[in-house]
>>> print(open('target-v7.txt').read())   # compact mmCIF, C-alpha atoms
# COMPACT_ATOMS: atom_id res chain seq x y z
CA MET A 1 17.52 10.86 -7.41
CA LEU A 2 15.31 12.90 -9.68
CA SER A 3 16.46 16.44 -10.34
CA LEU A 4 14.48 19.43 -9.12
CA GLU A 5 14.38 20.70 -12.69
CA VAL A 6 12.56 17.56 -13.86
CA ILE A 7 10.17 17.61 -10.91
CA ARG A 8 9.35 21.29 -11.35
CA SER A 9 8.76 20.77 -15.06
CA ALA A 10 6.32 17.94 -14.29
CA ALA A 11 4.55 20.08 -11.69
CA GLU A 12 4.13 22.94 -14.16
CA ARG A 13 2.83 20.57 -16.83
CA THR A 14 0.22 19.03 -14.55
CA ARG A 15 -0.84 22.10 -12.54
CA PRO A 16 -4.00 22.87 -14.58
CA HIS A 17 -5.33 19.36 -13.94
CA LEU A 18 -4.61 18.84 -10.23
CA GLU A 19 -5.47 20.04 -6.77
CA THR A 20 -2.93 21.54 -4.40
CA THR A 21 -3.79 19.31 -1.48
CA PRO A 22 -3.86 20.81 2.01
CA LEU A 23 -1.77 20.09 5.08
CA LEU A 24 -3.99 19.26 8.04
CA PRO A 25 -2.40 19.91 11.46
CA LEU A 26 -2.67 17.08 13.98
CA GLY A 27 -0.83 18.85 16.78
CA SER A 28 2.48 17.91 18.44
CA GLY A 29 4.43 18.91 15.33
CA ARG A 30 2.57 16.57 13.00
CA TRP A 31 0.65 17.27 9.79
CA LEU A 32 -1.29 15.20 7.25
CA LYS A 33 -0.79 15.79 3.51
CA LEU A 34 -4.22 14.96 2.09
CA GLU A 35 -3.46 13.39 -1.27
CA LEU A 36 -6.74 11.50 -1.05
CA LEU A 37 -8.39 14.78 -2.13
CA GLN A 38 -7.02 14.47 -5.66
CA PRO A 39 -9.68 13.90 -8.37
CA THR A 40 -9.63 10.08 -8.23
CA GLY A 41 -9.07 9.84 -4.49
CA SER A 42 -5.32 9.21 -4.59
CA PHE A 43 -1.96 10.73 -5.50
CA LYS A 44 -1.72 8.62 -8.64
CA VAL A 45 -3.18 11.26 -10.97
CA ARG A 46 -0.05 13.37 -10.43
CA GLY A 47 2.17 10.83 -12.13
CA PHE A 48 -0.23 9.76 -14.85
CA PHE A 49 -0.87 13.34 -15.95
CA ALA A 50 2.88 14.02 -15.90
CA ALA A 51 3.61 10.96 -18.05
CA ALA A 52 0.70 11.39 -20.47
CA LEU A 53 1.24 15.10 -21.04
CA ALA A 54 4.91 14.46 -21.84
CA LEU A 55 3.92 12.34 -24.84
CA PRO A 56 3.76 13.66 -28.40
CA PRO A 57 0.13 13.84 -29.62
CA GLU A 58 0.54 11.02 -32.13
CA ARG A 59 1.64 8.62 -29.39
CA LEU A 60 -0.95 9.79 -26.89
CA SER A 61 -3.71 9.22 -29.44
CA ARG A 62 -3.02 5.48 -29.30
CA GLY A 63 -4.57 5.43 -25.82
CA LEU A 64 -3.17 4.51 -22.42
CA LEU A 65 -2.49 1.17 -20.79
CA THR A 66 -1.36 0.31 -17.27
CA VAL A 67 -1.33 -2.41 -14.60
CA SER A 68 -2.75 -1.79 -11.16
CA ALA A 69 -4.20 -3.01 -7.91
CA GLY A 70 -6.71 -0.18 -8.24
CA ASN A 71 -5.62 3.43 -7.74
CA ALA A 72 -3.25 3.60 -10.71
CA ALA A 73 -5.99 2.07 -12.85
CA MET A 74 -8.44 4.74 -11.78
CA ALA A 75 -5.88 7.49 -12.37
CA CYS A 76 -5.04 6.16 -15.83
CA ALA A 77 -8.73 6.03 -16.78
CA TYR A 78 -9.36 9.54 -15.46
CA VAL A 79 -6.34 11.03 -17.25
CA ALA A 80 -7.31 9.31 -20.50
CA HIS A 81 -10.85 10.63 -20.13
CA ARG A 82 -9.64 14.18 -19.54
CA LEU A 83 -7.28 13.99 -22.50
CA GLY A 84 -9.83 12.37 -24.81
CA VAL A 85 -8.09 9.07 -25.49
CA PRO A 86 -9.02 5.42 -24.76
CA CYS A 87 -7.73 3.50 -21.75
CA ARG A 88 -7.33 -0.15 -20.84
CA VAL A 89 -6.01 -1.53 -17.53
CA LEU A 90 -4.92 -4.93 -16.26
CA MET A 91 -6.05 -5.34 -12.67
CA PHE A 92 -5.60 -8.03 -10.05
CA ASP A 93 -8.79 -10.04 -9.70
CA THR A 94 -8.65 -9.18 -5.99
CA ALA A 95 -9.00 -5.45 -6.68
CA PRO A 96 -11.75 -3.88 -4.55
CA PRO A 97 -15.02 -3.45 -6.48
CA LEU A 98 -14.97 0.27 -5.67
CA LYS A 99 -11.76 0.67 -7.69
CA VAL A 100 -12.99 -1.44 -10.61
CA GLU A 101 -16.14 0.68 -10.72
CA GLY A 102 -13.97 3.80 -10.64
CA VAL A 103 -12.12 2.70 -13.78
CA GLN A 104 -15.42 2.07 -15.55
CA ARG A 105 -16.85 5.40 -14.41
CA TRP A 106 -14.12 7.24 -16.31
CA GLY A 107 -14.52 5.14 -19.45
CA GLY A 108 -11.60 2.77 -18.87
CA ARG A 109 -11.77 -0.92 -19.72
CA PRO A 110 -10.63 -3.10 -16.80
CA LEU A 111 -9.33 -6.60 -17.47
CA GLN A 112 -9.13 -8.53 -14.20
CA LEU A 113 -6.68 -11.42 -14.02
CA PRO A 114 -5.10 -13.55 -11.27
CA ARG A 115 -2.21 -11.77 -9.59
CA GLN A 116 0.45 -14.15 -10.90
CA GLN A 117 -0.81 -13.81 -14.45
CA VAL A 118 -0.53 -10.03 -14.22
CA LEU A 119 2.98 -10.28 -12.75
CA ASP A 120 4.03 -12.68 -15.53
CA TRP A 121 2.73 -10.21 -18.13
CA LEU A 122 4.80 -7.48 -16.53
CA ALA A 123 7.90 -9.65 -16.30
CA ARG A 124 7.80 -10.51 -20.00
CA ARG A 125 7.06 -6.87 -20.95
CA GLY A 126 3.70 -7.84 -22.37
CA TRP A 127 2.83 -4.22 -23.10
CA GLU A 128 5.22 -4.26 -26.06
CA ALA A 129 2.69 -6.35 -27.99
CA GLU A 130 -0.24 -4.03 -27.17
CA PRO A 131 -1.48 -1.10 -29.26
CA GLU A 132 -1.77 1.45 -26.44
CA LEU A 133 0.99 3.47 -24.83
CA PHE A 134 1.99 1.75 -21.59
CA ILE A 135 2.60 3.85 -18.47
CA HIS A 136 4.29 1.84 -15.76
CA PRO A 137 2.38 2.32 -12.49
CA PHE A 138 5.50 3.14 -10.47
CA ALA A 139 8.87 2.45 -12.19
CA ASP A 140 8.74 5.36 -14.63
CA PRO A 141 10.94 8.42 -13.92
CA VAL A 142 8.49 10.80 -15.63
CA LEU A 143 5.62 9.46 -13.52
CA GLU A 144 7.77 9.64 -10.38
CA ALA A 145 8.61 13.26 -11.18
CA GLY A 146 4.88 13.96 -11.29
CA HIS A 147 4.50 12.49 -7.82
CA GLY A 148 7.35 14.73 -6.72
CA GLY A 149 4.97 17.66 -7.05
CA ALA A 150 3.54 16.64 -3.67
CA GLY A 151 7.01 17.10 -2.19
CA LEU A 152 7.30 20.60 -3.66
CA GLU A 153 3.95 21.47 -2.11
CA ILE A 154 4.99 20.14 1.31
CA ALA A 155 8.15 22.26 1.25
CA SER A 156 6.15 25.34 0.30
CA GLN A 157 3.37 24.74 2.82
CA LEU A 158 5.69 23.80 5.71
CA PRO A 159 9.17 25.26 5.13
CA GLU A 160 10.32 23.94 8.52
CA VAL A 161 9.53 20.30 7.62
CA GLU A 162 12.20 17.87 8.84
CA ARG A 163 10.55 14.48 8.32
CA VAL A 164 8.05 12.97 5.88
CA VAL A 165 6.34 9.60 6.25
CA VAL A 166 5.14 7.80 3.12
CA ALA A 167 3.48 4.44 2.48
CA VAL A 168 5.46 2.43 -0.07
CA GLY A 169 4.28 -0.05 -2.65
CA GLY A 170 6.28 -0.02 -5.87
CA GLY A 171 8.12 3.07 -4.66
CA GLY A 172 7.18 5.76 -7.17
CA LEU A 173 5.55 8.10 -4.65
CA VAL A 174 8.26 7.97 -2.01
CA HIS A 175 11.01 8.37 -4.61
CA GLY A 176 9.28 11.37 -6.15
CA ILE A 177 8.57 13.07 -2.82
CA GLY A 178 11.99 12.16 -1.44
CA SER A 179 13.77 13.55 -4.48
CA ALA A 180 11.84 16.81 -4.27
CA LEU A 181 12.35 17.36 -0.56
CA LYS A 182 15.98 16.28 -0.47
CA GLY A 183 16.66 18.47 -3.51
CA LEU A 184 15.35 21.44 -1.54
CA LYS A 185 16.41 20.39 1.99
CA PRO A 186 18.95 17.53 1.98
CA GLU A 187 18.57 17.08 5.74
CA VAL A 188 14.90 16.03 5.51
CA GLN A 189 14.38 12.46 6.72
CA VAL A 190 12.22 10.30 4.46
CA VAL A 191 10.48 7.39 6.19
CA GLY A 192 9.04 4.53 4.14
CA VAL A 193 6.23 2.45 5.62
CA GLN A 194 4.75 -0.96 4.82
CA SER A 195 2.40 -3.36 6.59
CA ASP A 196 3.66 -6.62 8.02
CA GLY A 197 1.01 -8.17 5.79
CA TYR A 198 3.18 -7.33 2.77
CA GLU A 199 6.64 -6.37 3.97
CA LEU A 200 8.75 -6.17 0.84
CA TRP A 201 11.32 -3.41 1.09
CA ARG A 202 12.86 -3.60 4.57
CA PRO A 203 13.82 -7.30 4.26
CA THR A 204 14.97 -6.65 0.70
CA PHE A 205 17.47 -4.04 1.86
CA GLU A 206 18.51 -6.11 4.86
CA SER A 207 19.26 -9.24 2.83
CA GLY A 208 20.01 -7.79 -0.59
CA ALA A 209 17.19 -9.69 -2.30
CA PRO A 210 13.38 -9.61 -2.14
CA PRO A 211 11.65 -12.21 0.05
CA ALA A 212 10.75 -15.35 -1.87
CA GLY A 213 7.08 -16.22 -2.31
CA LEU A 214 5.76 -13.00 -0.78
CA VAL A 215 1.95 -12.84 -1.00
CA PRO A 216 -0.16 -9.89 0.21
CA HIS A 217 -2.22 -10.38 3.36
CA THR A 218 -3.11 -6.78 4.05
CA ILE A 219 -5.93 -4.27 3.69
CA ALA A 220 -3.31 -1.91 2.20
CA ASP A 221 -3.85 -3.32 -1.29
CA GLY A 222 -2.29 -0.19 -2.77
CA THR A 223 1.10 -1.24 -1.39
CA SER A 224 1.06 -4.77 -2.83
CA ALA A 225 3.15 -3.99 -5.92
CA PRO A 226 5.79 -6.56 -6.90
CA TYR A 227 9.52 -6.01 -6.49
CA ASP A 228 11.06 -4.19 -9.43
CA ALA A 229 14.85 -4.17 -9.58
CA THR A 230 14.90 -0.73 -11.23
CA MET A 231 13.48 0.75 -8.01
CA HIS A 232 16.11 -0.77 -5.70
CA GLU A 233 18.78 1.92 -6.00
CA ARG A 234 16.22 4.70 -6.28
CA LEU A 235 14.75 3.76 -2.91
CA ARG A 236 18.17 3.21 -1.38
CA GLU A 237 18.93 6.85 -2.23
CA SER A 238 15.63 8.40 -1.25
CA VAL A 239 14.44 6.49 1.86
CA ASP A 240 16.34 6.97 5.12
CA LEU A 241 14.30 4.75 7.45
CA TRP A 242 11.91 1.83 6.99
CA LEU A 243 9.05 1.13 9.39
CA THR A 244 6.64 -1.79 9.52
CA VAL A 245 3.09 -1.42 10.83
CA PRO A 246 1.42 -4.56 12.22
CA GLU A 247 -1.77 -5.33 10.33
CA PRO A 248 -3.99 -5.10 13.46
CA ARG A 249 -2.60 -1.62 14.13
CA LEU A 250 -3.36 -0.61 10.53
CA ARG A 251 -6.93 -1.82 10.85
CA ALA A 252 -7.37 0.22 14.03
CA ALA A 253 -5.76 3.30 12.47
CA ILE A 254 -8.48 3.81 9.86
CA PRO A 255 -11.36 4.49 12.29
CA GLU A 256 -8.92 6.33 14.59
CA LEU A 257 -7.93 8.67 11.76
CA ALA A 258 -11.59 9.20 10.87
CA SER A 259 -12.41 10.11 14.46
CA LEU A 260 -9.34 12.24 15.15
CA ALA A 261 -8.96 14.12 11.88
CA LYS A 262 -12.28 13.48 10.09
CA VAL A 263 -10.31 11.83 7.28
CA VAL A 264 -11.45 8.50 5.81
CA ALA A 265 -8.40 6.81 4.29
CA GLU A 266 -7.96 3.44 2.66
CA GLY A 267 -5.45 0.96 4.05
CA ALA A 268 -2.45 2.24 2.11
CA GLY A 269 -3.49 5.81 2.84
CA ALA A 270 -3.61 5.22 6.59
CA LEU A 271 -0.22 3.47 6.83
CA SER A 272 1.75 6.68 7.30
CA PHE A 273 -0.58 7.84 10.07
CA ALA A 274 -0.37 4.44 11.78
CA ALA A 275 3.43 4.64 11.74
CA LEU A 276 3.64 8.02 13.49
CA GLU A 277 3.53 6.39 16.92
CA GLN A 278 6.81 4.62 16.14
CA LEU A 279 8.65 7.92 15.68
CA ALA A 280 10.06 10.10 18.43
CA PRO A 281 8.20 13.42 18.68
CA GLY A 282 9.94 16.67 17.92
CA PRO A 283 10.87 17.20 14.27
CA PRO A 284 8.07 18.79 12.21
CA THR A 285 6.63 15.72 10.49
CA VAL A 286 4.28 15.25 7.55
CA ALA A 287 2.44 11.96 7.01
CA VAL A 288 1.22 11.59 3.42
CA ILE A 289 -2.35 10.23 3.30
CA SER A 290 -1.97 8.77 -0.15
CA GLY A 291 -5.48 7.48 -0.90
CA GLY A 292 -9.06 7.30 0.26
CA ASN A 293 -10.69 4.69 -1.96
CA LEU A 294 -11.90 2.46 0.84
CA ASP A 295 -14.40 -0.31 0.16
CA ARG A 296 -17.67 0.47 1.93
CA GLU A 297 -18.04 -3.01 3.41
CA LEU A 298 -14.49 -2.94 4.76
CA LEU A 299 -15.08 0.47 6.31
CA ALA A 300 -18.22 -0.82 8.02
CA ALA A 301 -16.31 -3.85 9.35
CA LEU A 302 -13.47 -1.68 10.67
CA LEU A 303 -15.86 0.68 12.39
CA ALA A 304 -17.63 -2.27 14.00
CA ASP A 305 -14.42 -3.84 15.39
>>> encode(input="target-v7.txt", output="structure tokens")
Amino acid sequence: MLSLEVIRSAAERTRPHLETTPLLPLGSGRWLKLELLQPTGSFKVRGFFAAALALPPERLSRGLLTVSAGNAAMACAYVAHRLGVPCRVLMFDTAPPLKVEGVQRWGGRPLQLPRQQVLDWLARRGWEAEPELFIHPFADPVLEAGHGGAGLEIASQLPEVERVVVAVGGGGLVHGIGSALKGLKPEVQVVGVQSDGYELWRPTFESGAPPAGLVPHTIADGTSAPYDATMHERLRESVDLWLTVPEPRLRAAIPELASLAKVVAEGAGALSFAALEQLAPGPPTVAVISGGNLDRELLAALLAD
């Protein structure tokens, strides 16, 4: 796992650029960590600031490049804008328009391609032929250390925390938070959550290999990252329990969360909340609401269901 020294260094580096997000009590020993209140509406800015600010100026000046379903793209564009460098992002052509518009709002240049074409580019390390500095959207230890800042905040805000629930896509967030919390309190249980519309990690650990031909069928587009072998051992170390949320339950959880807590989360952001009902009550538990960039038309449809 990541060391506390590395995570604390990343947190110090990024502190001037980020919000300390609040813990919202739900009652019955449950809290929500509102990462959707970060500048671009998701936790991703933590990691992208951590990675970009670790670069020497001459490398940073080349600009930033990443691959994303949406939130990492927005974070990359925002960080580049704040640091005064150009940004280009490869995005799935299924990315919600809200997230494409977010990239453009911060001066980034989105290039939308079919999912398989983007995955092929990643697999052949296509960034090595590009002029910009590539920041991997999840499998980058410096970026993961930046995400670990959320774990440091949870431990400070709720010293008695015993369990944290995190939606998992590529795994950078849960590894960062897990490393931070376990570094401070080794007994903390880290729960990773995915939708049954894109269940990658639990079957991967059960069988030893990722499911063949897995295609996303979920509103949690932020968790649709491909399997990356470099994350396998990291998640084995940092995640204690895997839960799967049925897609209908996830769809119901978004309006439920809005009504109960006055929090409007996107699909990936609501996964941790939706999973709480699968856990026995008792241990002080934090569910990380990782993002709130929800397409307006989807929100209207969910509210109408």
>>> closest_residue(input="target-v7.txt", among="A:Ala304, A:Leu279, A:Leu243, A:Leu24", to="Leu158 of chain A", atoms="all atoms listed in the file")
A:Leu24
>>> closest_atom_pairs(input="target-v7.txt", of="segment 126-241 of chain A", to="segment 36-57 of chain A", cutoff="12 Å", atoms="all atoms listed in the file", output="Markdown table")
| residue | atom | partner | partner_atom | distance |
| --- | --- | --- | --- | --- |
| A:Glu132 | CA | A:Ala52 | CA | 11.9 |
| A:Leu133 | CA | A:Ala52 | CA | 9.0 |
| A:Phe134 | CA | A:Ala52 | CA | 9.8 |
| A:Ile135 | CA | A:Ala51 | CA | 7.2 |
| A:His136 | CA | A:Phe48 | CA | 9.2 |
| A:Pro137 | CA | A:Phe48 | CA | 8.2 |
| A:Phe138 | CA | A:Gly47 | CA | 8.5 |
| A:Ala139 | CA | A:Gly47 | CA | 10.7 |
| A:Asp140 | CA | A:Ala51 | CA | 8.3 |
| A:Pro141 | CA | A:Ala51 | CA | 8.8 |
| A:Val142 | CA | A:Ala51 | CA | 5.4 |
| A:Leu143 | CA | A:Gly47 | CA | 4.0 |
| A:Glu144 | CA | A:Gly47 | CA | 6.0 |
| A:Ala145 | CA | A:Gly47 | CA | 6.9 |
| A:Gly146 | CA | A:Gly47 | CA | 4.2 |
| A:His147 | CA | A:Gly47 | CA | 5.2 |
| A:Gly148 | CA | A:Arg46 | CA | 8.4 |
| A:Gly149 | CA | A:Arg46 | CA | 7.4 |
| A:Ala150 | CA | A:Phe43 | CA | 8.3 |
| A:Gly151 | CA | A:Arg46 | CA | 11.5 |
| A:Val166 | CA | A:Phe43 | CA | 11.5 |
| A:Ala167 | CA | A:Phe43 | CA | 11.5 |
| A:Gly171 | CA | A:Lys44 | CA | 12.0 |
| A:Gly172 | CA | A:Gly47 | CA | 8.7 |
| A:Leu173 | CA | A:Phe43 | CA | 8.0 |
| A:Val174 | CA | A:Phe43 | CA | 11.1 |
| A:His175 | CA | A:Gly47 | CA | 11.9 |
| A:Gly176 | CA | A:Gly47 | CA | 9.3 |
| A:Ile177 | CA | A:Phe43 | CA | 11.1 |
| A:Gly222 | CA | A:Ser42 | CA | 10.0 |
>>> closest_residue(input="target-v7.txt", among="A:Met74, A:Ser61, A:Gln194, A:Glu153", to="Glu19 of chain A", atoms="only C-alpha atoms")
A:Glu153
>>> closest_atom_pairs(input="target-v7.txt", of="segment 198-236 of chain A", to="segment 93-102 of chain A", cutoff="12 Å", atoms="only C-alpha atoms", output="CSV")
residue,atom,partner,partner_atom,distance
A:Pro216,CA,A:Thr94,CA,10.5
A:His217,CA,A:Thr94,CA,11.4
A:Thr218,CA,A:Thr94,CA,11.7
A:Ile219,CA,A:Pro96,CA,10.1
A:Ala220,CA,A:Pro96,CA,11.0
A:Asp221,CA,A:Ala95,CA,7.8
A:Gly222,CA,A:Ala95,CA,9.4
A:Ser224,CA,A:Ala95,CA,10.8
>>> atom_distance(input="target-v7.txt", atom1="atom CA of Leu2 of chain A", atom2="atom CA of Gly183 of chain A")
8.4 Å
>>> residues_near_point(input="target-v7.txt", point="(-8.8, 1.5, -2.0)", cutoff="6 Å", atoms="only C-alpha atoms", output="ChimeraX atom specification")
/A:266,293-294
>>> closest_residue(input="target-v7.txt", among="A:Glu206, A:Glu58, A:Glu162, A:Glu128", to="Val191 of chain A", atoms="only C-alpha atoms")
A:Glu162
>>> atom_distance(input="target-v7.txt", atom1="atom CA of Glu35 of chain A", atom2="atom CA of Tyr198 of chain A")
22.1 Å
